[in-house]
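Pasted below: work04.cif, mmCIF, C-alpha atoms.
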data_model
loop_
_atom_site.label_atom_id
_atom_site.label_comp_id
_atom_site.auth_asym_id
_atom_site.auth_seq_id
_atom_site.Cartn_x
_atom_site.Cartn_y
_atom_site.Cartn_z
CA MET J 1 0.00 0.00 0.00
CA LEU J 2 2.81 2.40 0.89
CA ARG J 3 4.47 2.01 -2.51
CA TRP J 4 1.17 2.85 -4.22
CA ILE J 5 0.88 6.03 -2.14
CA ILE J 6 4.46 7.03 -2.95
CA PHE J 7 3.92 6.31 -6.65
CA ILE J 8 0.69 8.34 -6.81
CA VAL J 9 2.24 11.30 -4.96
CA VAL J 10 5.28 11.36 -7.28
CA PHE J 11 3.07 10.99 -10.37
CA VAL J 12 0.77 13.83 -9.29
CA LEU J 13 3.66 16.15 -8.44
CA LEU J 14 5.35 15.55 -11.79
CA THR J 15 2.06 16.03 -13.63
CA VAL J 16 1.13 19.28 -11.86
CA TYR J 17 4.61 20.69 -12.35
CA GLY J 18 4.77 19.64 -16.00
CA PHE J 19 1.32 21.14 -16.59
CA GLN J 20 2.85 24.60 -16.11
CA ALA J 21 4.33 24.37 -19.62
CA ILE J 22 0.93 23.56 -21.12
CA LYS J 23 -0.72 26.31 -19.12
CA THR J 24 1.84 28.86 -20.31
CA VAL J 25 1.51 27.94 -24.00
CA ILE J 26 -2.20 27.09 -24.19
CA LYS J 27 -4.63 29.38 -22.41
CA SER J 28 -7.79 27.44 -23.28
CA THR J 29 -9.50 26.17 -20.12
CA TRP J 30 -11.18 23.23 -21.87
CA VAL J 31 -7.78 21.96 -23.04
CA HIS J 32 -6.66 22.02 -19.42
CA TYR J 33 -9.72 20.00 -18.39
CA VAL J 34 -9.08 17.46 -21.17
CA PHE J 35 -5.45 17.13 -20.05
CA PHE J 36 -6.37 16.32 -16.45
CA GLY J 37 -9.18 14.05 -17.64
CA LEU J 38 -6.63 11.99 -19.57
CA VAL J 39 -4.35 11.99 -16.54
CA LEU J 40 -7.10 10.53 -14.37
CA ILE J 41 -7.96 7.88 -16.95
CA ILE J 42 -4.32 6.81 -17.42
CA LEU J 43 -3.57 6.72 -13.70
CA GLY J 44 -6.89 5.12 -12.77
CA ASN J 45 -6.55 2.38 -15.38
CA PHE J 46 -3.00 1.62 -14.28
CA ILE J 47 -4.07 1.28 -10.64
CA TYR J 48 -7.06 -0.84 -11.65
CA GLN J 49 -5.07 -3.21 -13.87
CA PHE J 50 -2.24 -3.75 -11.39
CA SER J 51 -4.29 -3.98 -8.19
CA ILE J 52 -8.02 -4.65 -8.52
CA ALA J 53 -7.82 -6.71 -11.76
CA SER J 54 -4.28 -7.87 -11.20
CA GLU J 55 -4.61 -11.67 -11.72
CA GLY J 56 -1.55 -11.99 -9.53
CA ARG J 57 1.67 -11.46 -11.45
CA VAL J 58 0.24 -12.62 -14.79
CA LEU J 59 1.04 -10.04 -17.45
CA THR J 60 -2.14 -9.55 -19.49
CA PRO J 61 -2.62 -7.32 -22.57
CA GLY J 62 -4.69 -5.01 -20.35
CA LYS J 63 -1.78 -4.59 -17.96
CA SER J 64 0.64 -4.06 -20.84
CA TYR J 65 -1.43 -1.26 -22.33
CA ALA J 66 -1.95 0.37 -18.93
CA PHE J 67 1.82 0.33 -18.44
CA GLY J 68 2.45 1.54 -22.00
CA PHE J 69 0.19 4.59 -21.73
CA LEU J 70 1.61 5.43 -18.31
CA LEU J 71 5.16 5.11 -19.67
CA ALA J 72 4.36 7.42 -22.60
CA PHE J 73 2.84 10.01 -20.31
CA MET J 74 5.68 9.78 -17.79
CA SER J 75 8.23 10.25 -20.59
CA PHE J 76 6.37 13.44 -21.52
CA ASN J 77 6.66 14.82 -17.98
CA LEU J 78 10.22 13.61 -17.42
CA VAL J 79 11.38 15.71 -20.38
CA ILE J 80 9.38 18.82 -19.44
CA VAL J 81 10.10 18.90 -15.70
CA PRO J 82 13.94 19.23 -15.83
CA ILE J 83 13.61 22.06 -18.36
CA LEU J 84 11.10 23.89 -16.17
CA ILE J 85 13.22 23.32 -13.07
CA GLY J 86 16.21 24.83 -14.88
CA GLU J 87 14.14 27.81 -15.89
CA ASP J 88 12.80 28.23 -12.34
CA ILE J 89 16.34 28.25 -10.97
CA ILE J 90 17.22 31.06 -13.38
CA ARG J 91 13.99 32.93 -12.61
CA SER J 92 14.61 32.63 -8.87
CA ALA J 93 18.20 33.84 -9.26
CA LEU J 94 17.01 36.88 -11.24
CA GLY J 95 14.34 37.58 -8.62
CA LEU J 96 16.89 37.32 -5.81
CA TYR J 97 19.23 39.66 -7.68
CA ASP J 98 16.36 42.13 -8.08
CA LYS J 99 15.59 41.96 -4.37
CA LEU J 100 19.20 42.50 -3.33
CA PHE J 101 20.32 45.13 -5.82
CA ALA J 102 17.33 46.82 -7.42
CA THR J 103 16.26 50.22 -6.15
CA LYS J 104 12.58 49.21 -5.84
CA GLU J 105 11.49 47.62 -2.59
CA THR J 106 9.10 45.13 -4.20
CA PHE J 107 10.35 41.66 -5.03
CA TYR J 108 10.06 40.88 -8.76
CA LEU J 109 10.08 37.33 -10.08
CA PRO J 110 10.18 37.13 -13.90
CA SER J 111 7.20 35.36 -15.43
CA ARG J 112 7.65 31.96 -17.06
CA ARG J 113 8.85 32.47 -20.61
CA LYS J 114 6.53 31.11 -23.27
CA PHE J 115 9.28 30.07 -25.69
CA ILE J 116 10.96 27.92 -22.99
CA SER J 117 7.67 26.12 -22.43
CA GLN J 118 7.25 25.69 -26.18
CA ILE J 119 10.71 24.14 -26.44
CA ALA J 120 9.95 21.83 -23.50
CA LEU J 121 6.67 20.70 -25.06
CA GLY J 122 8.31 20.16 -28.45
CA LEU J 123 11.09 18.02 -26.99
CA ALA J 124 8.66 16.09 -24.77
CA ALA J 125 6.49 15.29 -27.77
CA ILE J 126 9.31 13.22 -29.34
CA PRO J 127 9.40 10.30 -26.83
CA PHE J 128 5.66 10.64 -26.18
CA THR J 129 4.61 10.21 -29.83
CA SER J 130 7.34 7.61 -30.43
CA LEU J 131 6.04 5.42 -27.61
CA LEU J 132 2.46 5.78 -28.85
CA TYR J 133 3.58 4.88 -32.40
CA GLY J 134 5.46 1.89 -31.01
CA MET J 135 2.23 0.65 -29.42
CA TYR J 136 0.09 1.32 -32.49
CA ARG J 137 2.37 0.14 -35.31
CA GLY J 138 5.90 -0.65 -34.14
CA LYS J 139 5.18 -3.88 -32.30
CA TYR J 140 4.05 -5.62 -35.50
CA ARG J 141 6.46 -3.97 -37.91
CA PHE J 142 8.12 -7.26 -38.80
CA ARG J 143 11.34 -7.17 -40.77
CA VAL J 144 13.50 -9.86 -42.30
CA LEU J 145 17.24 -9.59 -41.66
CA ASP J 146 19.49 -11.57 -44.00
CA TYR J 147 23.04 -12.62 -43.14
CA VAL J 148 25.60 -14.73 -45.01
CA LEU J 149 28.20 -16.46 -42.81
CA HIS J 150 31.27 -18.23 -44.19
CA PHE J 151 32.88 -21.31 -42.64
CA GLU J 152 35.92 -23.15 -43.98
CA ASP J 153 34.84 -26.45 -42.42
CA LEU J 154 31.18 -26.35 -43.46
CA PRO J 155 30.31 -29.69 -45.11
CA GLU J 156 30.08 -29.25 -48.87
CA ALA J 157 26.52 -30.59 -48.95
CA PHE J 158 25.38 -27.67 -46.76
CA ASP J 159 26.88 -24.88 -48.84
CA GLY J 160 24.04 -22.36 -49.23
CA TYR J 161 21.98 -23.89 -46.42
CA LYS J 162 19.36 -21.44 -45.11
CA VAL J 163 18.40 -21.16 -41.44
CA THR J 164 15.46 -19.04 -40.29
CA GLN J 165 15.54 -18.03 -36.64
CA ILE J 166 12.69 -16.59 -34.60
CA SER J 167 12.70 -15.93 -30.88
CA ASP J 168 10.68 -14.56 -27.98
CA ILE J 169 7.14 -15.03 -29.25
CA HIS J 170 5.55 -14.07 -25.89
CA SER J 171 2.13 -15.14 -27.12
CA GLY J 172 0.39 -13.90 -23.98
CA SER J 173 0.94 -10.33 -25.17
CA PHE J 174 -0.63 -10.66 -28.64
CA ASP J 175 -3.82 -8.77 -29.51
CA ASN J 176 -4.05 -8.76 -33.34
CA ARG J 177 -4.53 -12.05 -35.18
CA LYS J 178 -4.18 -10.58 -38.69
CA LYS J 179 -0.80 -9.07 -37.86
CA ILE J 180 0.43 -12.37 -36.43
CA GLU J 181 -0.81 -14.17 -39.55
CA TYR J 182 1.24 -11.73 -41.61
CA GLY J 183 4.33 -12.46 -39.52
CA ILE J 184 3.85 -16.23 -39.84
CA ASN J 185 3.42 -15.96 -43.61
CA LEU J 186 6.58 -13.85 -43.79
CA ILE J 187 8.53 -16.62 -42.04
CA ASN J 188 7.24 -19.30 -44.41
CA GLU J 189 7.93 -17.11 -47.45
CA GLN J 190 11.65 -17.33 -46.68
CA GLU J 191 11.53 -21.01 -47.72
CA SER J 192 14.48 -21.83 -45.51
CA ASP J 193 15.83 -25.33 -45.05
CA VAL J 194 15.21 -25.28 -41.30
CA ILE J 195 13.43 -23.06 -38.75
CA MET J 196 14.81 -22.59 -35.25
CA PHE J 197 12.89 -21.01 -32.37
CA THR J 198 15.08 -19.87 -29.48
CA GLY J 199 12.69 -19.69 -26.55
CA ASP J 200 10.07 -17.70 -24.62
CA MET J 201 6.96 -18.99 -26.33
CA VAL J 202 4.78 -17.57 -23.53
CA ASN J 203 4.93 -14.91 -20.85
CA ASN J 204 4.02 -17.25 -18.03
CA LYS J 205 1.48 -19.98 -18.80
CA ALA J 206 1.14 -22.62 -21.51
CA SER J 207 -2.52 -21.64 -21.95
CA GLU J 208 -1.41 -18.32 -23.47
CA MET J 209 -0.31 -20.19 -26.59
CA GLU J 210 -3.60 -22.04 -27.12
CA PRO J 211 -5.26 -19.30 -29.25
CA TRP J 212 -2.15 -19.07 -31.45
CA LYS J 213 -0.93 -22.65 -31.79
CA ASP J 214 -2.85 -23.20 -35.04
CA LEU J 215 -0.98 -20.28 -36.62
CA PHE J 216 2.47 -21.14 -35.33
CA GLY J 217 1.79 -24.77 -36.16
CA THR J 218 1.76 -23.80 -39.84
CA LEU J 219 5.48 -22.98 -39.75
CA LYS J 220 7.11 -25.46 -42.10
CA ALA J 221 10.64 -26.13 -43.34
CA LYS J 222 12.13 -29.03 -45.29
CA ASP J 223 14.32 -30.14 -42.39
CA GLY J 224 11.84 -29.28 -39.64
CA VAL J 225 11.26 -26.79 -36.85
CA TYR J 226 13.48 -26.99 -33.76
CA SER J 227 13.00 -25.16 -30.48
CA VAL J 228 14.38 -24.59 -26.99
CA LEU J 229 12.95 -23.14 -23.79
CA GLY J 230 13.47 -19.57 -22.60
CA ASN J 231 13.36 -18.23 -19.06
CA HIS J 232 9.66 -17.29 -19.28
CA ASP J 233 8.62 -20.79 -20.40
CA TYR J 234 9.27 -22.33 -16.97
CA GLY J 235 6.51 -20.32 -15.23
CA ASP J 236 8.90 -18.81 -12.70
CA TYR J 237 7.33 -15.34 -12.75
CA VAL J 238 3.83 -16.14 -11.45
CA ARG J 239 2.46 -17.66 -8.27
CA TRP J 240 1.23 -21.24 -8.48
CA ASN J 241 -1.03 -23.08 -6.05
CA SER J 242 1.53 -25.86 -5.82
CA GLU J 243 4.82 -26.99 -7.30
CA SER J 244 3.00 -29.81 -9.09
CA GLU J 245 0.76 -27.25 -10.84
CA LYS J 246 3.83 -25.37 -12.03
CA LEU J 247 5.46 -28.56 -13.31
CA ARG J 248 2.25 -29.56 -15.06
CA ASN J 249 2.21 -26.19 -16.83
CA LEU J 250 5.71 -26.86 -18.17
CA GLU J 251 4.70 -30.32 -19.35
CA ASP J 252 1.67 -28.79 -21.06
CA LEU J 253 3.94 -26.37 -22.91
CA LYS J 254 6.22 -29.19 -24.02
CA ALA J 255 3.23 -31.21 -25.26
CA LEU J 256 1.84 -28.16 -27.05
CA GLN J 257 5.12 -27.66 -28.94
CA LYS J 258 5.08 -31.33 -29.93
CA ASP J 259 1.51 -30.96 -31.21
CA MET J 260 2.64 -27.97 -33.29
CA GLY J 261 5.34 -30.10 -34.91
CA TYR J 262 8.29 -28.52 -33.10
CA ASP J 263 11.22 -30.70 -32.06
CA LEU J 264 11.95 -29.31 -28.58
CA LEU J 265 15.57 -29.88 -27.57
CA LEU J 266 16.11 -30.16 -23.81
CA ASN J 267 19.90 -30.33 -23.50
CA GLU J 268 19.83 -32.58 -26.57
CA SER J 269 21.13 -32.72 -30.12
CA ARG J 270 19.92 -33.85 -33.52
CA PHE J 271 21.65 -34.38 -36.85
CA ILE J 272 20.61 -33.19 -40.28
CA GLU J 273 22.15 -35.34 -43.01
CA LYS J 274 22.66 -34.62 -46.72
CA ASN J 275 24.64 -36.65 -49.22
CA GLY J 276 26.42 -38.59 -46.49
CA GLN J 277 27.42 -35.43 -44.60
CA ARG J 278 25.85 -33.96 -41.47
CA ILE J 279 25.55 -30.93 -39.21
CA ALA J 280 24.60 -31.04 -35.53
CA ILE J 281 21.60 -29.07 -34.22
CA MET J 282 22.04 -28.61 -30.48
CA GLY J 283 19.67 -27.09 -27.95
CA VAL J 284 20.28 -26.22 -24.31
CA GLU J 285 17.68 -25.30 -21.75
CA ASN J 286 17.81 -21.74 -20.45
CA TRP J 287 21.11 -20.58 -18.97
CA GLY J 288 21.54 -16.92 -18.05
CA LYS J 289 23.70 -14.71 -15.86
CA GLY J 290 22.34 -12.33 -13.26
CA GLY J 291 19.83 -14.50 -11.44
CA PHE J 292 18.24 -16.10 -14.49
CA LYS J 293 17.47 -19.81 -14.56
CA LYS J 294 20.45 -22.07 -15.20
CA ALA J 295 18.89 -25.31 -16.42
CA GLY J 296 21.17 -25.50 -19.44
CA ASP J 297 23.69 -28.34 -19.46
CA LEU J 298 26.18 -27.90 -22.29
CA LYS J 299 28.05 -31.10 -21.44
CA LYS J 300 24.87 -33.15 -21.69
CA THR J 301 23.93 -31.43 -24.93
CA LYS J 302 27.26 -32.51 -26.48
CA THR J 303 26.51 -36.20 -25.96
CA ASN J 304 26.77 -38.05 -29.29
CA VAL J 305 28.19 -34.93 -31.03
CA LEU J 306 31.79 -35.11 -32.25
CA ALA J 307 34.19 -32.21 -31.84
CA SER J 308 34.71 -32.32 -35.60
CA ASP J 309 30.99 -31.93 -36.40
CA PHE J 310 29.70 -28.62 -37.72
CA LYS J 311 27.53 -27.32 -34.86
CA ILE J 312 24.59 -24.93 -34.55
CA LEU J 313 23.69 -24.29 -30.91
CA MET J 314 20.37 -22.84 -29.73
CA SER J 315 20.68 -21.10 -26.35
CA HIS J 316 18.05 -18.57 -25.35
CA ASP J 317 20.16 -16.17 -23.28
CA PRO J 318 23.22 -14.65 -25.06
CA SER J 319 25.11 -14.31 -21.78
CA HIS J 320 25.58 -18.09 -21.99
CA TRP J 321 27.76 -17.63 -25.08
CA GLU J 322 30.49 -15.63 -23.39
CA ALA J 323 30.19 -17.39 -20.02
CA GLU J 324 30.39 -21.01 -21.20
CA VAL J 325 30.10 -21.59 -24.93
CA LEU J 326 33.12 -19.66 -26.18
CA LYS J 327 35.51 -21.23 -23.68
CA ASP J 328 34.24 -24.79 -24.21
CA ASP J 329 36.66 -27.28 -25.73
CA TYR J 330 34.17 -27.82 -28.57
CA HIS J 331 34.08 -25.26 -31.36
CA PHE J 332 30.48 -24.05 -31.67
CA HIS J 333 30.34 -22.57 -35.15
CA LEU J 334 27.06 -20.72 -34.74
CA THR J 335 25.00 -19.94 -31.64
CA LEU J 336 21.45 -18.62 -31.93
CA SER J 337 20.01 -16.61 -29.03
CA GLY J 338 17.31 -14.08 -28.21
CA HIS J 339 16.09 -12.90 -24.79
CA THR J 340 17.16 -9.22 -24.92
CA HIS J 341 14.41 -7.98 -27.31
CA GLY J 342 16.89 -5.17 -28.01
CA MET J 343 14.91 -3.73 -25.06
CA GLN J 344 12.21 -2.95 -27.68
CA PHE J 345 13.65 0.55 -27.78
CA GLY J 346 16.69 2.03 -29.48
CA ILE J 347 18.15 3.61 -32.58
CA GLU J 348 19.44 1.58 -35.52
CA ILE J 349 20.71 3.08 -38.76
CA PRO J 350 22.63 0.38 -40.68
CA GLY J 351 26.27 1.33 -41.03
CA TRP J 352 25.90 4.34 -38.74
CA VAL J 353 24.22 3.82 -35.38
CA LYS J 354 23.24 0.79 -33.33
CA TRP J 355 22.21 1.69 -29.79
CA SER J 356 19.84 0.58 -27.07
CA PRO J 357 20.02 0.92 -23.27
CA VAL J 358 20.14 -2.89 -23.11
CA LYS J 359 23.76 -2.74 -24.30
CA TRP J 360 24.73 -1.71 -20.77
CA ARG J 361 23.57 -5.13 -19.54
CA TYR J 362 24.36 -7.41 -22.48
CA LYS J 363 27.56 -7.20 -24.50
CA GLN J 364 25.89 -9.18 -27.30
CA TRP J 365 22.38 -7.74 -27.52
CA ALA J 366 21.27 -7.67 -31.18
CA GLY J 367 22.61 -9.03 -34.46
CA ILE J 368 25.73 -10.97 -35.43
CA TYR J 369 28.90 -11.08 -33.30
CA GLU J 370 32.11 -13.01 -33.96
CA GLU J 371 34.84 -14.07 -31.56
CA LEU J 372 37.47 -16.81 -31.69
CA GLY J 373 36.13 -17.90 -35.06
CA GLN J 374 32.67 -18.52 -33.58
CA TYR J 375 29.47 -16.60 -34.33
CA ILE J 376 26.40 -15.70 -32.34
CA ASN J 377 23.20 -14.11 -33.61
CA VAL J 378 21.02 -12.38 -31.03
CA ASN J 379 17.52 -12.15 -32.45
CA ARG J 380 15.55 -9.02 -31.44
CA GLY J 381 12.41 -11.08 -30.91
CA PHE J 382 9.14 -11.75 -32.71
CA GLY J 383 6.85 -10.55 -29.92
CA TYR J 384 7.00 -8.10 -27.05
CA LEU J 385 6.77 -8.07 -23.27
CA GLY J 386 5.82 -5.41 -20.72
CA TYR J 387 5.66 -2.28 -22.86
CA PRO J 388 3.23 -3.31 -25.66
CA GLY J 389 5.25 -1.84 -28.48
CA ARG J 390 8.60 -1.28 -30.14
CA VAL J 391 10.45 1.91 -30.99
CA GLY J 392 13.43 1.70 -33.34
CA ILE J 393 14.04 -2.00 -32.52
CA TRP J 394 11.54 -3.80 -34.72
CA PRO J 395 10.33 -7.43 -34.44
CA GLU J 396 12.73 -9.67 -36.31
CA ILE J 397 12.84 -12.72 -38.52
CA THR J 398 16.46 -13.74 -39.12
CA VAL J 399 17.60 -15.64 -42.21
CA ILE J 400 21.19 -16.93 -42.09
CA THR J 401 22.76 -18.51 -45.17
CA LEU J 402 25.72 -20.80 -44.50
CA LYS J 403 28.48 -20.63 -47.10
CA LYS J 404 31.57 -22.78 -47.40
CA GLY J 405 34.88 -20.94 -47.65
CA ILE J 406 36.42 -17.69 -46.53
CA LYS J 407 34.57 -14.43 -46.84
CA GLU J 408 36.07 -12.25 -49.55
CA ALA J 409 37.60 -9.00 -48.33
#

Translate this structure into structure tokens?
Amino acid sequence: MLRWIIFIVVFVLLTVYGFQAIKTVIKSTWVHYVFFGLVLIILGNFIYQFSIASEGRVLTPGKSYAFGFLLAFMSFNLVIVPILIGEDIIRSALGLYDKLFATKETFYLPSRRKFISQIALGLAAIPFTSLLYGMYRGKYRFRVLDYVLHFEDLPEAFDGYKVTQISDIHSGSFDNRKKIEYGINLINEQESDVIMFTGDMVNNKASEMEPWKDLFGTLKAKDGVYSVLGNHDYGDYVRWNSESEKLRNLEDLKALQKDMGYDLLLNESRFIEKNGQRIAIMGVENWGKGGFKKAGDLKKTKTNVLASDFKILMSHDPSHWEAEVLKDDYHFHLTLSGHTHGMQFGIEIPGWVKWSPVKWRYKQWAGIYEELGQYINVNRGFGYLGYPGRVGIWPEITVITLKKGIKEA
């Protein structure tokens, strides 16, 4: 209860202070009433979704949107308030100077300058409209990213082999079937040899996937669809009535993936063979630094795989790559991960800028990285979690073509 009181007090103070810019620029009373009406709706819905209609810790679309609108509005105030505070410091200093040195006895405090408020509103509109756009369009703005990776020891039969990777579906967040159908069709249109899903099919519960399993069950590739579990798939982020209920949920998710035609690898490996040659498809359970579940067992996954085999490893959390995979005595040619979502927010201009706050937590957070002759691709995710949108970091379908030989300079 105390944290709700603190949150409401801080929110109200920021809103009232930030309103000064609107009041200075726009004199219309009805606009002021509309502004505070929206404030009450946004705050009231947030409190309702996360307390009265909370469903425990289950993250529903209603909660996501309540958080998204609150985040957009808070970003608006958090840009305006520092600018107004800076102006108030200057205004107070000028007033104090007037009191100390002016000949008049009356204290004069300069009025708030309209152009400063206009600048504050203009700057605040950038994150505000961006976050709203991310909720309206950005979360389903699917894009296909193509990469060509060269390997000297790739079996000749697999030269030109195409791998499509998707990750982080988070089906419990979806709210638009037509958009998801479009994304599924886009995956199938790549006509890759194999499809690999690198974890987080749901937010919390296997039941979240039920309305979508018919769509994702249509994913097809000549050599099959392989998958692994992500940290959210274990049901660790909600309260269960018993441990057996939690375990049953995980078994339901495994059975659901089997029904969809996915080959779920639980610290296991498979081989794809062509013309008497083979590559190993390996999948570990989730392993992540910083308090995340560590069910992954790389040693167990290597059973039956030779050091000389060409290896593609699926591991949901990219922190596993640097912590264990790179230093392993096996040479893992290509690791496929997800998990970071690119934080669903950032700036990417190919060849110029690639930035997201998530880079401060994950060294490998989006795209292809190479070290010690081994590659990792960190997929930005198909779905979304928490904030129901994406800004600058769009939902991704990765297509990787394997080529034999050395990349030309």

Show me, as JSON, the centre and edge lengths in Å to one decimal of the axis-aligned box that covers every listed atom of stretch 232-248 of chain J with 8 Å on each side.
{"center_x": 4.3, "center_y": -22.6, "center_z": -13.1, "size_x": 26.7, "size_y": 30.5, "size_z": 30.6}

As an exercise, work out the distance from atom CA of J:Asn204 to atom CA of J:Gly138 in Å and give it to one decimal place. 23.2 Å

So which one's closest to J:Asn203, J:Arg137, J:Lys63, J:Arg91, J:His232? Using all atoms listed in the file, please. J:His232

Expanded to explicit residues, what is the PyMOL selection byres ((chain J and resi 193) around 9) for this file, as a ChimeraX atom specification? /J:161-164,191-192,194-195,221-224

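With distances taken over all atoms listed in the file, J:Pro61 is the one residue among J:Pro82, J:Pro350, J:Gly235, J:Pro61 lying closest to J:Asp175.
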
Could you expand the PyMOL selection byres ((chain J and resi 7-17) around 10) into the explicit residues it covers here, written as a ChimeraX atom specification? /J:1-6,18-22,35-36,39-40,43,47,70,73-74,76-78,80-81,84-85

Just how far from atom CA of J:Gly346 is atom CA of J:Ile393, in Å to one decimal?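 Interatomic distance, atom CA of J:Ile393 to atom CA of J:Gly346: 5.7 Å.
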
Please identify all polymer residues within 6 Å of stretch 317-322 of chain J, counting only C-alpha atoms, omitting same-chain residues fewer than 4 positions from it, and present them as a VMD selection string. chain J and resid 287 to 288 326 337 339

Tell me which residues the PyMOL selection byres ((chain J and resi 391) around 9) grabs here, as a ChimeraX atom specification. /J:130-131,133-135,138-139,344-347,389-390,392-394

For J:Asn45, the closest of J:Leu94, J:Gln364, J:Phe67, J:Glu245 counting all atoms listed in the file is J:Phe67

Using atom CA of J:Ser269 and atom CA of J:Phe292 as the two end points, give the distance in Å to one decimal. 23.0 Å

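Among the candidates J:Val399, J:Ile279, J:Met343, J:Ile169, the residue lying nearest to J:Asp153 is J:Ile279 (atoms considered: only C-alpha atoms).
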
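The neighbours of J:Glu370 here are the residues that come within 10 Å of it, using only C-alpha atoms and leaving out any residue fewer than 6 positions away in the same chain; they are His333, Leu334, Gln364, Ile376 and Asn377 of chain J.
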
Write the residues of the preceding selection, restricted to C-alpha atoms, as a compact mmCIF listing (two decimals), keeping the file's coordinate frame.
# COMPACT_ATOMS: atom_id res chain seq x y z
CA HIS J 333 30.34 -22.57 -35.15
CA LEU J 334 27.06 -20.72 -34.74
CA GLN J 364 25.89 -9.18 -27.30
CA ILE J 376 26.40 -15.70 -32.34
CA ASN J 377 23.20 -14.11 -33.61

Polymer residues at most 12 Å from J:Leu253, only C-alpha atoms, same-chain spacing of 5 or more positions, as an MDAnalysis selection string: chainID J and resid 199:210 213 227:230 232:235 246:248 258:260 262 264

At a cut-off of 10 Å, using only C-alpha atoms, what residues contact stretch 270-273 of chain J? Leave out same-chain residues fewer than 6 positions from it and give the result as number ranges by chain. J: 157-158, 194, 223-224, 226, 263, 279-283, 301, 304-305, 309-311
